[in-house]
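File shown: protein-v9.cif. Contents: mmCIF, C-alpha atoms.
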data_entry
loop_
_atom_site.label_atom_id
_atom_site.label_comp_id
_atom_site.auth_asym_id
_atom_site.auth_seq_id
_atom_site.Cartn_x
_atom_site.Cartn_y
_atom_site.Cartn_z
CA ASP A 1 4.53 2.36 39.42
CA ILE A 2 7.53 1.17 37.44
CA GLN A 3 8.39 3.54 34.59
CA MET A 4 9.88 2.43 31.28
CA THR A 5 12.11 4.74 29.24
CA GLN A 6 13.08 3.93 25.68
CA SER A 7 15.86 5.50 23.66
CA PRO A 8 16.05 6.85 21.14
CA SER A 9 12.52 8.12 20.54
CA SER A 10 13.14 7.99 16.81
CA LEU A 11 15.80 6.54 14.61
CA SER A 12 16.65 6.73 10.91
CA ALA A 13 18.39 3.77 9.33
CA SER A 14 18.89 2.03 6.01
CA VAL A 15 18.00 -1.43 4.77
CA GLY A 16 20.74 -3.82 5.90
CA ASP A 17 21.77 -1.74 8.93
CA ARG A 18 22.15 -3.17 12.42
CA VAL A 19 19.95 -1.29 14.86
CA THR A 20 19.74 -1.30 18.65
CA ILE A 21 16.94 0.14 20.78
CA THR A 22 17.35 0.54 24.53
CA CYS A 23 14.77 0.30 27.31
CA ARG A 24 15.42 1.18 30.94
CA ALA A 25 13.17 0.37 33.89
CA SER A 26 12.93 2.65 36.92
CA GLN A 27 13.60 -0.36 39.18
CA SER A 28 14.67 -3.95 38.71
CA ILE A 29 12.19 -6.07 36.76
CA SER A 30 14.32 -9.20 36.46
CA SER A 31 13.61 -10.48 32.94
CA TYR A 32 9.93 -9.50 32.83
CA LEU A 33 10.42 -7.44 29.69
CA ASN A 34 8.76 -7.79 26.29
CA TRP A 35 9.18 -6.09 22.93
CA TYR A 36 6.45 -5.32 20.39
CA GLN A 37 6.40 -4.01 16.83
CA GLN A 38 3.54 -1.83 15.62
CA ARG A 39 3.02 -0.85 12.02
CA PRO A 40 0.76 2.13 11.22
CA GLY A 41 -2.92 1.33 11.61
CA LYS A 42 -2.21 -2.16 12.93
CA ALA A 43 -2.26 -3.88 16.30
CA PRO A 44 1.05 -4.45 18.06
CA LYS A 45 2.86 -7.73 17.43
CA LEU A 46 4.86 -9.61 20.05
CA LEU A 47 8.51 -10.02 19.04
CA ILE A 48 10.44 -10.93 22.20
CA TYR A 49 9.21 -12.07 25.62
CA ALA A 50 11.07 -12.67 28.87
CA ALA A 51 13.79 -10.26 27.67
CA SER A 52 15.42 -12.66 25.20
CA SER A 53 12.96 -15.33 24.02
CA LEU A 54 11.95 -15.07 20.38
CA GLN A 55 8.20 -15.37 19.82
CA SER A 56 7.21 -18.14 17.43
CA GLY A 57 7.22 -17.02 13.81
CA VAL A 58 9.37 -13.94 14.38
CA PRO A 59 12.48 -13.73 12.17
CA SER A 60 15.79 -14.53 13.83
CA ARG A 61 17.23 -11.11 12.91
CA PHE A 62 15.36 -9.85 16.00
CA SER A 63 17.02 -10.47 19.35
CA GLY A 64 16.69 -9.19 22.89
CA SER A 65 19.01 -9.02 25.85
CA GLY A 66 19.30 -7.63 29.34
CA SER A 67 18.02 -8.13 32.85
CA GLY A 68 17.39 -6.02 35.91
CA THR A 69 16.89 -2.48 34.64
CA ASP A 70 18.61 -2.31 31.23
CA PHE A 71 17.43 -4.04 28.09
CA THR A 72 18.09 -3.93 24.35
CA LEU A 73 16.31 -4.96 21.18
CA THR A 74 18.60 -5.56 18.23
CA ILE A 75 17.67 -5.98 14.59
CA SER A 76 20.71 -7.49 12.90
CA SER A 77 19.96 -6.52 9.30
CA LEU A 78 17.04 -4.20 8.67
CA GLN A 79 14.46 -5.26 6.13
CA PRO A 80 11.90 -2.93 4.49
CA GLU A 81 9.07 -4.39 6.57
CA ASP A 82 10.90 -3.57 9.83
CA PHE A 83 10.25 0.14 9.58
CA ALA A 84 7.69 0.59 12.34
CA THR A 85 7.36 1.68 15.95
CA TYR A 86 8.79 -0.53 18.69
CA TYR A 87 7.60 -0.67 22.30
CA CYS A 88 9.09 -2.29 25.35
CA GLN A 89 6.77 -3.42 28.14
CA HIS A 90 7.30 -4.71 31.66
CA THR A 91 5.05 -7.35 33.21
CA TYR A 92 6.87 -7.57 36.55
CA SER A 93 3.91 -6.18 38.49
CA THR A 94 0.71 -4.25 37.91
CA PRO A 95 0.21 -1.77 36.49
CA ILE A 96 1.83 -3.13 33.36
CA VAL A 97 3.60 -0.25 31.64
CA PHE A 98 4.86 0.26 28.10
CA GLY A 99 7.75 2.42 27.02
CA GLN A 100 6.90 5.53 25.00
CA GLY A 101 7.95 3.89 21.75
CA THR A 102 10.79 4.17 19.25
CA ARG A 103 9.89 5.11 15.71
CA LEU A 104 12.21 3.48 13.18
CA GLU A 105 12.25 5.33 9.88
CA ILE A 106 13.90 4.80 6.54
CA LYS A 107 16.97 6.97 5.95
CA GLN B 1 -6.52 -20.21 13.51
CA VAL B 2 -6.23 -18.36 16.77
CA GLN B 3 -7.82 -14.95 16.52
CA LEU B 4 -9.56 -12.20 18.42
CA VAL B 5 -12.27 -10.25 16.59
CA GLN B 6 -13.47 -6.99 18.12
CA SER B 7 -16.66 -5.04 17.66
CA GLY B 8 -16.91 -2.04 15.38
CA ALA B 9 -16.16 1.63 15.87
CA GLU B 10 -18.23 3.67 18.30
CA VAL B 11 -19.06 7.36 18.65
CA LYS B 12 -20.22 8.45 22.07
CA LYS B 13 -21.12 11.69 23.82
CA PRO B 14 -19.29 12.82 26.95
CA GLY B 15 -20.73 11.16 30.04
CA ALA B 16 -21.96 8.10 28.16
CA SER B 17 -20.66 4.53 28.39
CA VAL B 18 -19.20 2.25 25.76
CA LYS B 19 -19.00 -1.54 25.71
CA VAL B 20 -16.44 -3.17 23.41
CA SER B 21 -16.52 -6.89 22.66
CA CYS B 22 -13.70 -9.27 21.80
CA LYS B 23 -14.62 -12.70 20.42
CA ALA B 24 -12.00 -15.42 20.71
CA SER B 25 -11.66 -18.43 18.44
CA GLY B 26 -9.17 -21.18 17.70
CA TYR B 27 -8.25 -21.95 21.31
CA THR B 28 -9.76 -22.88 24.68
CA PHE B 29 -11.31 -19.60 25.81
CA THR B 30 -11.13 -20.23 29.55
CA SER B 31 -7.47 -21.23 29.50
CA TYR B 32 -6.06 -17.78 28.76
CA TYR B 33 -6.35 -14.46 30.56
CA MET B 34 -7.27 -11.42 28.47
CA HIS B 35 -5.81 -7.92 28.73
CA TRP B 36 -7.22 -4.63 27.49
CA VAL B 37 -4.95 -1.89 26.17
CA ARG B 38 -5.77 1.47 24.63
CA GLN B 39 -3.95 3.87 22.35
CA ALA B 40 -4.95 7.51 21.94
CA PRO B 41 -4.40 9.02 18.48
CA GLY B 42 -0.67 9.40 17.80
CA GLN B 43 0.19 8.22 21.31
CA GLY B 44 1.64 5.14 23.01
CA LEU B 45 0.06 2.06 24.55
CA GLU B 46 -1.73 2.14 27.89
CA TRP B 47 -2.67 -0.96 29.89
CA MET B 48 -6.20 -0.92 31.30
CA GLY B 49 -6.63 -4.25 33.04
CA ILE B 50 -6.99 -8.00 32.79
CA ILE B 51 -9.73 -10.61 33.18
CA ASN B 52 -9.51 -14.32 33.84
CA PRO B 53 -12.29 -15.83 31.70
CA SER B 54 -12.22 -18.98 33.80
CA ASP B 55 -13.40 -17.40 37.06
CA THR B 56 -14.19 -13.77 36.01
CA SER B 57 -11.56 -12.35 38.37
CA THR B 58 -10.21 -8.99 37.27
CA SER B 59 -7.44 -6.52 37.96
CA TYR B 60 -7.75 -2.93 36.77
CA ALA B 61 -5.23 -0.14 36.43
CA GLN B 62 -5.72 2.41 39.20
CA LYS B 63 -6.39 5.10 36.59
CA PHE B 64 -9.57 3.30 35.45
CA GLN B 65 -10.81 1.95 38.78
CA GLY B 66 -14.49 2.76 39.19
CA ARG B 67 -15.00 3.46 35.48
CA VAL B 68 -14.06 0.19 33.81
CA THR B 69 -15.73 -3.22 33.98
CA MET B 70 -14.45 -6.34 32.27
CA THR B 71 -16.75 -9.31 31.86
CA ARG B 72 -17.00 -12.48 29.79
CA ASP B 73 -19.54 -14.81 28.21
CA THR B 74 -18.25 -18.35 27.98
CA SER B 75 -21.14 -19.45 25.74
CA THR B 76 -19.83 -17.19 22.97
CA SER B 77 -16.13 -17.06 23.96
CA THR B 78 -16.39 -13.30 24.23
CA VAL B 79 -14.89 -10.82 26.65
CA TYR B 80 -16.24 -7.32 27.12
CA MET B 81 -14.76 -4.03 28.30
CA GLU B 82 -17.16 -1.33 29.42
CA LEU B 83 -15.93 2.18 30.15
CA SER B 84 -18.28 4.69 31.73
CA SER B 85 -18.37 8.46 32.28
CA LEU B 86 -16.60 8.97 28.98
CA ARG B 87 -14.64 12.16 28.34
CA SER B 88 -12.81 13.43 25.29
CA GLU B 89 -9.52 12.03 26.62
CA ASP B 90 -10.98 8.51 26.26
CA THR B 91 -10.93 8.84 22.48
CA ALA B 92 -8.64 5.99 21.48
CA VAL B 93 -8.29 2.63 19.81
CA TYR B 94 -9.08 -0.11 22.32
CA TYR B 95 -7.42 -3.51 21.96
CA CYS B 96 -7.97 -6.85 23.61
CA ALA B 97 -4.87 -9.02 23.85
CA ARG B 98 -4.39 -12.58 25.04
CA ARG B 99 -1.93 -13.37 27.82
CA ARG B 100 0.49 -16.05 26.73
CA THR B 101 0.85 -19.15 28.88
CA GLY B 102 3.93 -19.57 31.01
CA ARG B 103 5.64 -17.74 33.82
CA HIS B 104 6.35 -14.60 31.84
CA ASP B 105 3.28 -12.57 30.95
CA ALA B 106 3.22 -11.21 27.39
CA PHE B 107 0.46 -10.35 24.96
CA ASP B 108 0.75 -12.91 22.16
CA ILE B 109 -2.49 -12.45 20.19
CA TRP B 110 -4.18 -9.06 19.65
CA GLY B 111 -7.57 -8.05 18.36
CA GLN B 112 -7.76 -5.67 15.42
CA GLY B 113 -8.71 -2.74 17.64
CA THR B 114 -11.92 -0.76 18.14
CA MET B 115 -11.93 3.00 17.63
CA VAL B 116 -13.95 4.84 20.26
CA THR B 117 -14.56 8.52 19.64
CA VAL B 118 -15.95 10.72 22.41
CA SER B 119 -17.36 13.95 21.07
CA SER B 120 -20.27 16.23 21.75
#

Rewrite the coordinates I just gave you, this time as structure tokens.
Amino acid sequence: DIQMTQSPSSLSASVGDRVTITCRASQSISSYLNWYQQRPGKAPKLLIYAASSLQSGVPSRFSGSGSGTDFTLTISSLQPEDFATYYCQHTYSTPIVFGQGTRLEIK
Amino acid sequence: QVQLVQSGAEVKKPGASVKVSCKASGYTFTSYYMHWVRQAPGQGLEWMGIINPSDTSTSYAQKFQGRVTMTRDTSTSTVYMELSSLRSEDTAVYYCARRRTGRHDAFDIWGQGTMVTVSS
């Protein structure tokens, strides 16, 4: 199985900050990498698919990059509603695997 | 609008089975695969498997092989996930999630989640 490792596991930041979350795959997954946001008590929400494509309706402050084994999610200017947990996910093969999550907290 | 509405919370005893439903609306039911994902309390997301509502073909994660069954009813645009031989470690929120169209698989629409509690 392909393993996904996110870093950091948690992060404190302030409104207006630029934030980057990293995801590494245990083998090459081309660009089969997605990012999700999950707020407490809610279902996950798709932000980025195919490593860098912005899902419809998602604010442009979210962006993704990378290919192969190393990927990043960047939030250019944090807004209050962005404080949540973020997950990467590969869909290169089955089983589909999610990263362990990055909890983004208010500083 | 496009939405997935899941059945309500369940409490089950160890060894029992649970069947969770996921009713789709706002799109052509048979045109989109459906995934199932679970999340134990305070934990991350775990993929369970996928069903093609068009032909009922399925693919399950090895971890759940033999215990999980995914089915669908086209007359009601509903997919089902049944998990048997429940144990306490199966206590989790279970989500259905639609596979987006296109070459790159991603889960674009999610149900609200169904809490399943396994306790004696």

request  = On this file, the PyMOL selection byres ((chain A) within 8 of (chain B)) gives some set of residues; write that set as a PyMOL selection string.
outcome  = chain A and resi 32+34+42-46+49-50+91+94-101

message = When you count only C-alpha atoms, which of these residues is closest to Leu11 of chain A: A:Ser63, A:Thr102, A:Gln89, A:Gln79?
response =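 Counting only C-alpha atoms, the residue closest to Leu11 of chain A is A:Thr102.
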
ask   = With all atoms listed in the file as the atoms that count, which of B:Val68, B:Val118, B:Leu4, B:Ala40 lies nearest to Ser25 of chain B?
value =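 Smallest distance to Ser25 of chain B is found for B:Leu4.
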
ask   = Out of A:Ser28, A:Ser76, A:Ser7, A:Ser14, which residue has the shortest atom-to-atom distance to Gly64 of chain A when counting all atoms listed in the file?
value = A:Ser76

ask   = Could you write out as a ChimeraX atom specification the residues that the PyMOL selection byres ((chain B and resi 115) around 9) matches in the shown file?
value = /B:8-11,91-94,113-114,116-117

task = Grab the atom CA of Gln38 of chain A to atom CA of Ala51 of chain A distance for me, in Å with one decimal place.
result = 17.9 Å

Atom CA of Arg98 of chain B to atom CA of Met81 of chain B, straight-line distance in Å =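 Separation of atom CA of Met81 of chain B and atom CA of Arg98 of chain B: 13.8 Å.
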
key: Distance query Gly66 of chain A at most 9 Å, all atoms listed in the file, self and fewer than 5 positions along chain excluded, as a PyMOL selection string   = chain A and resi 30-31+33+51-52+71-72
